[in-house]
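> Data file upload30.json (JSON, C-alpha atoms) is appended below.
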```
[["chain", "number", "residue", "atom", "x", "y", "z"],
["X", 732, "MET", "CA", 6.49, -19.46, -21.93],
["X", 733, "LEU", "CA", 7.58, -16.26, -20.15],
["X", 734, "LYS", "CA", 6.08, -12.88, -20.92],
["X", 735, "GLU", "CA", 7.65, -9.45, -20.76],
["X", 736, "LEU", "CA", 6.48, -7.04, -18.07],
["X", 737, "LYS", "CA", 7.42, -3.36, -17.86],
["X", 738, "LEU", "CA", 6.39, -1.36, -14.85],
["X", 739, "THR", "CA", 7.67, 1.35, -12.56],
["X", 740, "VAL", "CA", 7.88, 0.52, -8.88],
["X", 741, "ASN", "CA", 8.67, 3.21, -6.34],
["X", 742, "GLY", "CA", 9.96, 5.42, -9.15],
["X", 743, "GLN", "CA", 12.30, 2.75, -10.56],
["X", 744, "PRO", "CA", 11.56, 1.28, -14.02],
["X", 745, "TYR", "CA", 11.74, -2.50, -14.37],
["X", 746, "GLU", "CA", 11.63, -4.90, -17.30],
["X", 747, "LEU", "CA", 11.03, -8.50, -16.28],
["X", 748, "SER", "CA", 10.30, -11.87, -17.85],
["X", 749, "ILE", "CA", 7.56, -13.52, -15.83],
["X", 750, "HIS", "CA", 5.15, -16.43, -15.93],
["X", 751, "PRO", "CA", 1.83, -15.26, -17.42],
["X", 752, "ARG", "CA", -0.08, -16.35, -14.32],
["X", 753, "ALA", "CA", 2.24, -14.60, -11.85],
["X", 754, "LEU", "CA", 0.47, -12.33, -9.40],
["X", 755, "LEU", "CA", 1.65, -8.81, -8.69],
["X", 756, "VAL", "CA", 2.40, -9.73, -5.07],
["X", 757, "GLU", "CA", 4.71, -12.52, -6.29],
["X", 758, "VAL", "CA", 6.58, -10.23, -8.68],
["X", 759, "LEU", "CA", 7.03, -7.56, -6.01],
["X", 760, "ARG", "CA", 8.24, -9.97, -3.35],
["X", 761, "GLU", "CA", 10.08, -12.62, -5.33],
["X", 762, "ASN", "CA", 11.39, -10.79, -8.40],
["X", 763, "LEU", "CA", 12.00, -7.35, -6.91],
["X", 764, "GLY", "CA", 12.67, -8.26, -3.26],
["X", 765, "LEU", "CA", 10.06, -5.81, -1.93],
["X", 766, "THR", "CA", 8.93, -7.88, 1.02],
["X", 767, "GLY", "CA", 7.03, -5.05, 2.73],
["X", 768, "THR", "CA", 4.07, -6.16, 0.63],
["X", 769, "LYS", "CA", 2.80, -9.09, 2.70],
["X", 770, "ARG", "CA", 1.16, -12.29, 1.53],
["X", 771, "GLY", "CA", -1.76, -12.93, 3.81],
["X", 772, "CYS", "CA", -4.91, -14.67, 2.66],
["X", 773, "ASN", "CA", -4.07, -14.90, -1.08],
["X", 774, "GLU", "CA", -7.75, -14.14, -1.75],
["X", 775, "GLY", "CA", -7.93, -10.34, -1.54],
["X", 776, "ALA", "CA", -9.76, -10.47, 1.78],
["X", 777, "CYS", "CA", -7.17, -9.35, 4.35],
["X", 778, "GLY", "CA", -5.53, -6.36, 2.63],
["X", 779, "ALA", "CA", -1.98, -7.19, 3.77],
["X", 780, "CYS", "CA", -0.79, -7.11, 0.14],
["X", 781, "THR", "CA", -2.27, -3.70, -0.72],
["X", 782, "VAL", "CA", -0.18, -1.44, -2.96],
["X", 783, "VAL", "CA", -0.99, 1.73, -4.88],
["X", 784, "MET", "CA", -1.27, 1.20, -8.64],
["X", 785, "ASN", "CA", -1.70, 4.29, -10.79],
["X", 786, "GLY", "CA", -2.82, 6.25, -7.75],
["X", 787, "LYS", "CA", -5.41, 3.75, -6.44],
["X", 788, "SER", "CA", -5.02, 1.06, -3.83],
["X", 789, "VAL", "CA", -5.26, -2.53, -5.09],
["X", 790, "LYS", "CA", -4.83, -5.93, -3.52],
["X", 791, "ALA", "CA", -1.67, -7.27, -5.16],
["X", 792, "CYS", "CA", -2.68, -10.91, -4.55],
["X", 793, "SER", "CA", -5.71, -10.34, -6.81],
["X", 794, "VAL", "CA", -3.87, -8.64, -9.68],
["X", 795, "LEU", "CA", -2.20, -10.58, -12.45],
["X", 796, "ALA", "CA", 1.19, -8.98, -12.85],
["X", 797, "LEU", "CA", 0.75, -8.66, -16.60],
["X", 798, "SER", "CA", -2.32, -6.50, -16.04],
["X", 799, "ALA", "CA", 0.05, -4.03, -14.35],
["X", 800, "ASN", "CA", 2.11, -3.69, -17.53],
["X", 801, "GLY", "CA", 3.03, -0.03, -17.92],
["X", 802, "ALA", "CA", 1.69, 0.81, -14.46],
["X", 803, "GLU", "CA", 3.16, 3.01, -11.75],
["X", 804, "ILE", "CA", 3.27, 1.00, -8.51],
["X", 805, "THR", "CA", 4.05, 2.28, -5.04],
["X", 806, "THR", "CA", 4.78, -0.16, -2.24],
["X", 807, "VAL", "CA", 5.33, 0.63, 1.42],
["X", 808, "GLU", "CA", 9.06, 0.80, 0.67],
["X", 809, "GLY", "CA", 8.34, 3.75, -1.62],
["X", 810, "LEU", "CA", 6.44, 5.87, 0.91],
["X", 811, "ALA", "CA", 9.39, 7.29, 2.81],
["X", 812, "ASN", "CA", 11.72, 9.84, 1.24],
["X", 813, "GLY", "CA", 15.04, 8.33, 2.30],
["X", 814, "ALA", "CA", 15.16, 8.52, 6.09],
["X", 815, "GLN", "CA", 12.22, 10.98, 6.13],
["X", 816, "LEU", "CA", 9.01, 9.12, 6.92],
["X", 817, "HIS", "CA", 5.88, 9.81, 4.91],
["X", 818, "PRO", "CA", 3.25, 11.72, 6.93],
["X", 819, "LEU", "CA", 1.10, 8.58, 7.15],
["X", 820, "GLN", "CA", 4.00, 6.57, 8.56],
["X", 821, "LYS", "CA", 4.75, 9.28, 11.14],
["X", 822, "ALA", "CA", 1.07, 9.57, 12.13],
["X", 823, "PHE", "CA", 0.75, 5.77, 12.41],
["X", 824, "LEU", "CA", 3.68, 5.80, 14.85],
["X", 825, "ASP", "CA", 2.39, 8.76, 16.83],
["X", 826, "TYR", "CA", -1.16, 7.41, 17.11],
["X", 827, "GLY", "CA", -0.22, 3.77, 17.80],
["X", 828, "ALA", "CA", -1.85, 2.66, 14.56],
["X", 829, "TYR", "CA", 0.67, -0.11, 13.96],
["X", 830, "GLN", "CA", 0.76, -2.90, 16.55],
["X", 831, "CYS", "CA", 2.12, -6.27, 15.55],
["X", 832, "GLY", "CA", 2.96, -4.77, 12.16],
["X", 833, "PHE", "CA", 1.62, -7.47, 9.85],
["X", 834, "CYS", "CA", -1.23, -5.40, 8.45],
["X", 835, "THR", "CA", 0.61, -2.08, 8.64],
["X", 836, "ALA", "CA", 2.10, -1.99, 5.13],
["X", 837, "GLY", "CA", -1.22, -2.82, 3.47],
["X", 838, "MET", "CA", -3.10, -0.46, 5.76],
["X", 839, "LEU", "CA", -0.69, 2.39, 4.97],
["X", 840, "MET", "CA", -1.08, 1.78, 1.25],
["X", 841, "SER", "CA", -4.88, 1.69, 1.49],
["X", 842, "CYS", "CA", -4.74, 4.99, 3.36],
["X", 843, "LYS", "CA", -2.36, 6.45, 0.77],
["X", 844, "GLY", "CA", -4.72, 5.44, -2.04],
["X", 845, "LEU", "CA", -7.63, 6.95, -0.09],
["X", 846, "LEU", "CA", -5.81, 10.25, 0.44],
["X", 847, "ASN", "CA", -4.87, 10.33, -3.25],
["X", 848, "MET", "CA", -8.58, 10.26, -4.06],
["X", 849, "PHE", "CA", -9.87, 12.29, -1.10],
["X", 850, "PRO", "CA", -7.24, 14.60, 0.46],
["X", 851, "HIS", "CA", -9.71, 15.54, 3.21],
["X", 852, "PRO", "CA", -11.86, 12.44, 3.68],
["X", 853, "THR", "CA", -14.81, 12.20, 6.01],
["X", 854, "ASN", "CA", -14.77, 9.61, 8.77],
["X", 855, "GLU", "CA", -17.08, 7.47, 6.64],
["X", 856, "GLN", "CA", -14.72, 7.74, 3.63],
["X", 857, "ILE", "CA", -11.78, 6.69, 5.81],
["X", 858, "ARG", "CA", -13.76, 3.70, 7.07],
["X", 859, "ASP", "CA", -14.69, 2.78, 3.49],
["X", 860, "GLY", "CA", -11.08, 3.29, 2.38],
["X", 861, "ILE", "CA", -9.70, 0.78, 4.87],
["X", 862, "ASP", "CA", -12.58, -1.66, 4.48],
["X", 863, "GLY", "CA", -11.05, -4.93, 3.39],
["X", 864, "ASN", "CA", -7.91, -4.44, 5.49],
["X", 865, "ILE", "CA", -7.99, -6.65, 8.54],
["X", 866, "CYS", "CA", -6.21, -5.53, 11.70],
["X", 867, "ARG", "CA", -6.54, -7.70, 14.76],
["X", 868, "CYS", "CA", -4.54, -5.46, 17.10],
["X", 869, "THR", "CA", -5.58, -1.80, 16.92],
["X", 870, "GLY", "CA", -9.36, -1.81, 16.90],
["X", 871, "TYR", "CA", -9.07, 0.63, 13.94],
["X", 872, "ASN", "CA", -9.70, 3.80, 15.98],
["X", 873, "SER", "CA", -6.00, 4.70, 16.12],
["X", 874, "ILE", "CA", -5.81, 4.22, 12.35],
["X", 875, "LEU", "CA", -8.80, 6.51, 11.82],
["X", 876, "ARG", "CA", -7.24, 9.17, 14.06],
["X", 877, "ALA", "CA", -3.91, 8.94, 12.23],
["X", 878, "VAL", "CA", -5.52, 9.41, 8.81],
["X", 879, "GLU", "CA", -7.66, 12.27, 10.13],
["X", 880, "ALA", "CA", -4.51, 13.98, 11.47],
["X", 881, "VAL", "CA", -2.76, 13.68, 8.10],
["X", 882, "SER", "CA", -5.81, 14.97, 6.25],
["X", 883, "ARG", "CA", -6.06, 17.97, 8.62],
["X", 884, "GLY", "CA", -2.49, 18.88, 7.72],
["X", 885, "ASP", "CA", -0.98, 18.04, 11.11],
["X", 886, "TYR", "CA", 1.73, 16.15, 9.22],
["X", 887, "LYS", "CA", 3.48, 17.64, 6.20],
["X", 888, "GLU", "CA", 5.34, 15.77, 3.49],
["X", 889, "THR", "CA", 8.88, 16.97, 2.94],
["X", 890, "LYS", "CA", 10.84, 16.35, -0.24]]
```
Before we go any further, please render this structure as structure tokens.


Amino acid sequence: MLKELKLTVNGQPYELSIHPRALLVEVLRENLGLTGTKRGCNEGACGACTVVMNGKSVKACSVLALSANGAEITTVEGLANGAQLHPLQKAFLDYGAYQCGFCTAGMLMSCKGLLNMFPHPTNEQIRDGIDGNICRCTGYNSILRAVEAVSRGDYKETK
């Protein structure tokens, strides 16, 4: 029996009929076509599926979609303002914090959730904020530098 789900994703309201055991990552990718949210480990260990839900980063493979009923979700597709990249996206490019790209969407969303909570995080807070996001290419230092640059105000969001 299908259940009704209402949520807002990237500013767009949706009403869906979904299986009660559907995961948020499945709804985002399969029902809404938002494939920037990656399916990695399916266990909440790699962070590739990270999205921001009600201002905080969550692993979408570990969230039952129905528990997001009424929630405000931001995926990597919702970071940019049209053709204008979000400051995190621009800093990731400038600092080489994206490499193969598989972890990038989840890493960006973890960093966005972190900056929502701590606009000027310490190095330790940044490390804690991306803990649980696995990147095999960058060695993390470029990611740390990119987040530090955004938090210093080197990159401004335009709307």

> Work out how far apart atom CA of His817 of chain X and atom CA of Pro744 of chain X are and give it in Å to one decimal.

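Separating atom CA of His817 of chain X from atom CA of Pro744 of chain X is a distance of 21.5 Å.
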
> Enter the distance from atom CA of Tyr745 of chain X to atom CA of Thr805 of chain X, in Å, rounded to one decimal.

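Between these atoms lies a distance of 13.0 Å.
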
> Up to 8 Å from (1.3, -13.4, 0.7) in the file's coordinates: name the residues, counting only C-alpha atoms, as a PyMOL selection string.

chain X and resi 756-757+768-773+779-780+792

> If we count all atoms listed in the file and set the cut-off at 12 Å, which residues sit around Leu765 of chain X, ignoring sequence neighbours fewer than 5 positions away in its own chain? Please answer as an MDAnalysis selection string.

chainID X and resid 740:741 755:760 770 780 782 804:809 836

> Save the residues we just selected, C-alpha atoms, as an mmCIF file, keeping the file's coordinate frame?


```
data_model
loop_
_atom_site.group_PDB
_atom_site.id
_atom_site.type_symbol
_atom_site.label_atom_id
_atom_site.label_comp_id
_atom_site.auth_asym_id
_atom_site.auth_seq_id
_atom_site.Cartn_x
_atom_site.Cartn_y
_atom_site.Cartn_z
ATOM 1 C CA VAL X 740 7.880 0.520 -8.880
ATOM 2 C CA ASN X 741 8.670 3.210 -6.340
ATOM 3 C CA LEU X 755 1.650 -8.810 -8.690
ATOM 4 C CA VAL X 756 2.400 -9.730 -5.070
ATOM 5 C CA GLU X 757 4.710 -12.520 -6.290
ATOM 6 C CA VAL X 758 6.580 -10.230 -8.680
ATOM 7 C CA LEU X 759 7.030 -7.560 -6.010
ATOM 8 C CA ARG X 760 8.240 -9.970 -3.350
ATOM 9 C CA ARG X 770 1.160 -12.290 1.530
ATOM 10 C CA CYS X 780 -0.790 -7.110 0.140
ATOM 11 C CA VAL X 782 -0.180 -1.440 -2.960
ATOM 12 C CA ILE X 804 3.270 1.000 -8.510
ATOM 13 C CA THR X 805 4.050 2.280 -5.040
ATOM 14 C CA THR X 806 4.780 -0.160 -2.240
ATOM 15 C CA VAL X 807 5.330 0.630 1.420
ATOM 16 C CA GLU X 808 9.060 0.800 0.670
ATOM 17 C CA GLY X 809 8.340 3.750 -1.620
ATOM 18 C CA ALA X 836 2.100 -1.990 5.130
#
```

> To one decimal place in Å, what is the distance between atom CA of Leu747 of chain X and atom CA of Gly764 of chain X?

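Atom CA of Gly764 of chain X lies 13.1 Å from atom CA of Leu747 of chain X.
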
> Find the spatial neighbours of Gly778 of chain X, counting only C-alpha atoms, within a cut-off of 12 Å - ignore same-chain residues fewer than 5 positions away - and output them as JSON, numbers by chain.

{"X": [756, 768, 769, 770, 771, 772, 773, 783, 788, 789, 790, 791, 792, 793, 833, 834, 835, 836, 837, 838, 839, 840, 841, 842, 860, 861, 862, 863, 864, 865, 866]}

> Rank nothing, just name the residue among X:Met848, X:Ala753, X:Ala822, X:Leu738 nearest to Arg883 of chain X, using all atoms listed in the file.

X:Ala822

> Just checking: using all atoms listed in the file, which residue out of X:Ala802, X:Ala828, X:Leu736, X:Leu846 ends up closest to Arg876 of chain X?

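Distance minimum relative to Arg876 of chain X lands on X:Ala828.
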
> Calculated over all atoms listed in the file, which of the candidates X:Leu754, X:Leu816, X:Leu797, X:Val881 has the smallest distance to Pro850 of chain X?

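So, comparing all the options, the nearest one is X:Val881.
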
> Neighbourhood query: residues within 10 Å of (-6.2, 9.0, 9.5), file coordinates, counting only C-alpha atoms; return as a ChimeraX atom specification.

/X:819,822-823,826,828,839,842-843,845-846,851-854,857-858,871-883

> Counting all atoms listed in the file, which residue out of X:Leu824, X:Ile749, X:Leu810, X:Leu763 sits closest to Ala796 of chain X?

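Looking at the shortest contact to Ala796 of chain X, the residue is X:Ile749.
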
> Show me, as AutoDock Vina command-line options, the centre and edge lengths in Å to one decimal of the axis-aligned box that covers every listed atom of segment 824-843 of chain X with 8 Å on each side.


```
--center_x -0.6 --center_y 0.6 --center_z 9.3 --size_x 24.6 --size_y 32.2 --size_z 33.0
```

> Hey, which of X:Gln830, X:Pro751, X:Asp859, X:Gln743 ends up closest to Glu803 of chain X? Count all atoms listed in the file.

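For Glu803 of chain X, the nearest of the given residues is X:Gln743.
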
> Output as a compact mmCIF listing (two decimals), in the coordinates of the input: segment 810-831 of chain X, completed with N, CA and C atoms.


```txt
# COMPACT_ATOMS: atom_id res chain seq x y z
N LEU X 810 7.10 4.75 0.23
CA LEU X 810 6.44 5.87 0.91
C LEU X 810 7.43 6.88 1.48
N ALA X 811 8.42 6.39 2.18
CA ALA X 811 9.39 7.29 2.81
C ALA X 811 10.26 7.96 1.76
N ASN X 812 10.78 9.12 2.09
CA ASN X 812 11.72 9.84 1.24
C ASN X 812 13.09 9.71 1.92
N GLY X 813 13.79 8.63 1.60
CA GLY X 813 15.04 8.33 2.30
C GLY X 813 14.73 8.01 3.75
N ALA X 814 15.39 8.73 4.66
CA ALA X 814 15.16 8.52 6.09
C ALA X 814 13.94 9.30 6.60
N GLN X 815 13.37 10.17 5.75
CA GLN X 815 12.22 10.98 6.13
C GLN X 815 10.93 10.18 5.93
N LEU X 816 10.25 9.88 7.02
CA LEU X 816 9.01 9.12 6.92
C LEU X 816 7.93 9.93 6.20
N HIS X 817 7.07 9.21 5.50
CA HIS X 817 5.88 9.81 4.91
C HIS X 817 4.96 10.24 6.06
N PRO X 818 4.17 11.30 5.87
CA PRO X 818 3.25 11.72 6.93
C PRO X 818 2.38 10.60 7.49
N LEU X 819 1.91 9.70 6.64
CA LEU X 819 1.10 8.58 7.15
C LEU X 819 1.92 7.69 8.08
N GLN X 820 3.16 7.42 7.71
CA GLN X 820 4.00 6.57 8.56
C GLN X 820 4.23 7.24 9.91
N LYS X 821 4.51 8.53 9.89
CA LYS X 821 4.75 9.28 11.14
C LYS X 821 3.48 9.28 11.99
N ALA X 822 2.34 9.55 11.38
CA ALA X 822 1.07 9.57 12.13
C ALA X 822 0.74 8.18 12.68
N PHE X 823 1.00 7.12 11.91
CA PHE X 823 0.75 5.77 12.41
C PHE X 823 1.59 5.51 13.66
N LEU X 824 2.84 5.96 13.66
CA LEU X 824 3.68 5.80 14.85
C LEU X 824 3.14 6.61 16.02
N ASP X 825 2.84 7.87 15.76
CA ASP X 825 2.39 8.76 16.83
C ASP X 825 1.05 8.35 17.43
N TYR X 826 0.17 7.78 16.63
CA TYR X 826 -1.16 7.41 17.11
C TYR X 826 -1.28 5.93 17.49
N GLY X 827 -0.17 5.19 17.44
CA GLY X 827 -0.22 3.77 17.80
C GLY X 827 -1.05 2.95 16.83
N ALA X 828 -1.03 3.33 15.57
CA ALA X 828 -1.85 2.66 14.56
C ALA X 828 -1.17 1.44 13.95
N TYR X 829 -0.03 1.08 14.43
CA TYR X 829 0.67 -0.11 13.96
C TYR X 829 0.74 -1.07 15.12
N GLN X 830 0.57 -2.15 15.32
CA GLN X 830 0.76 -2.90 16.55
C GLN X 830 1.71 -4.04 16.24
N CYS X 831 1.21 -5.18 15.86
CA CYS X 831 2.12 -6.27 15.55
C CYS X 831 2.86 -5.99 14.25
```
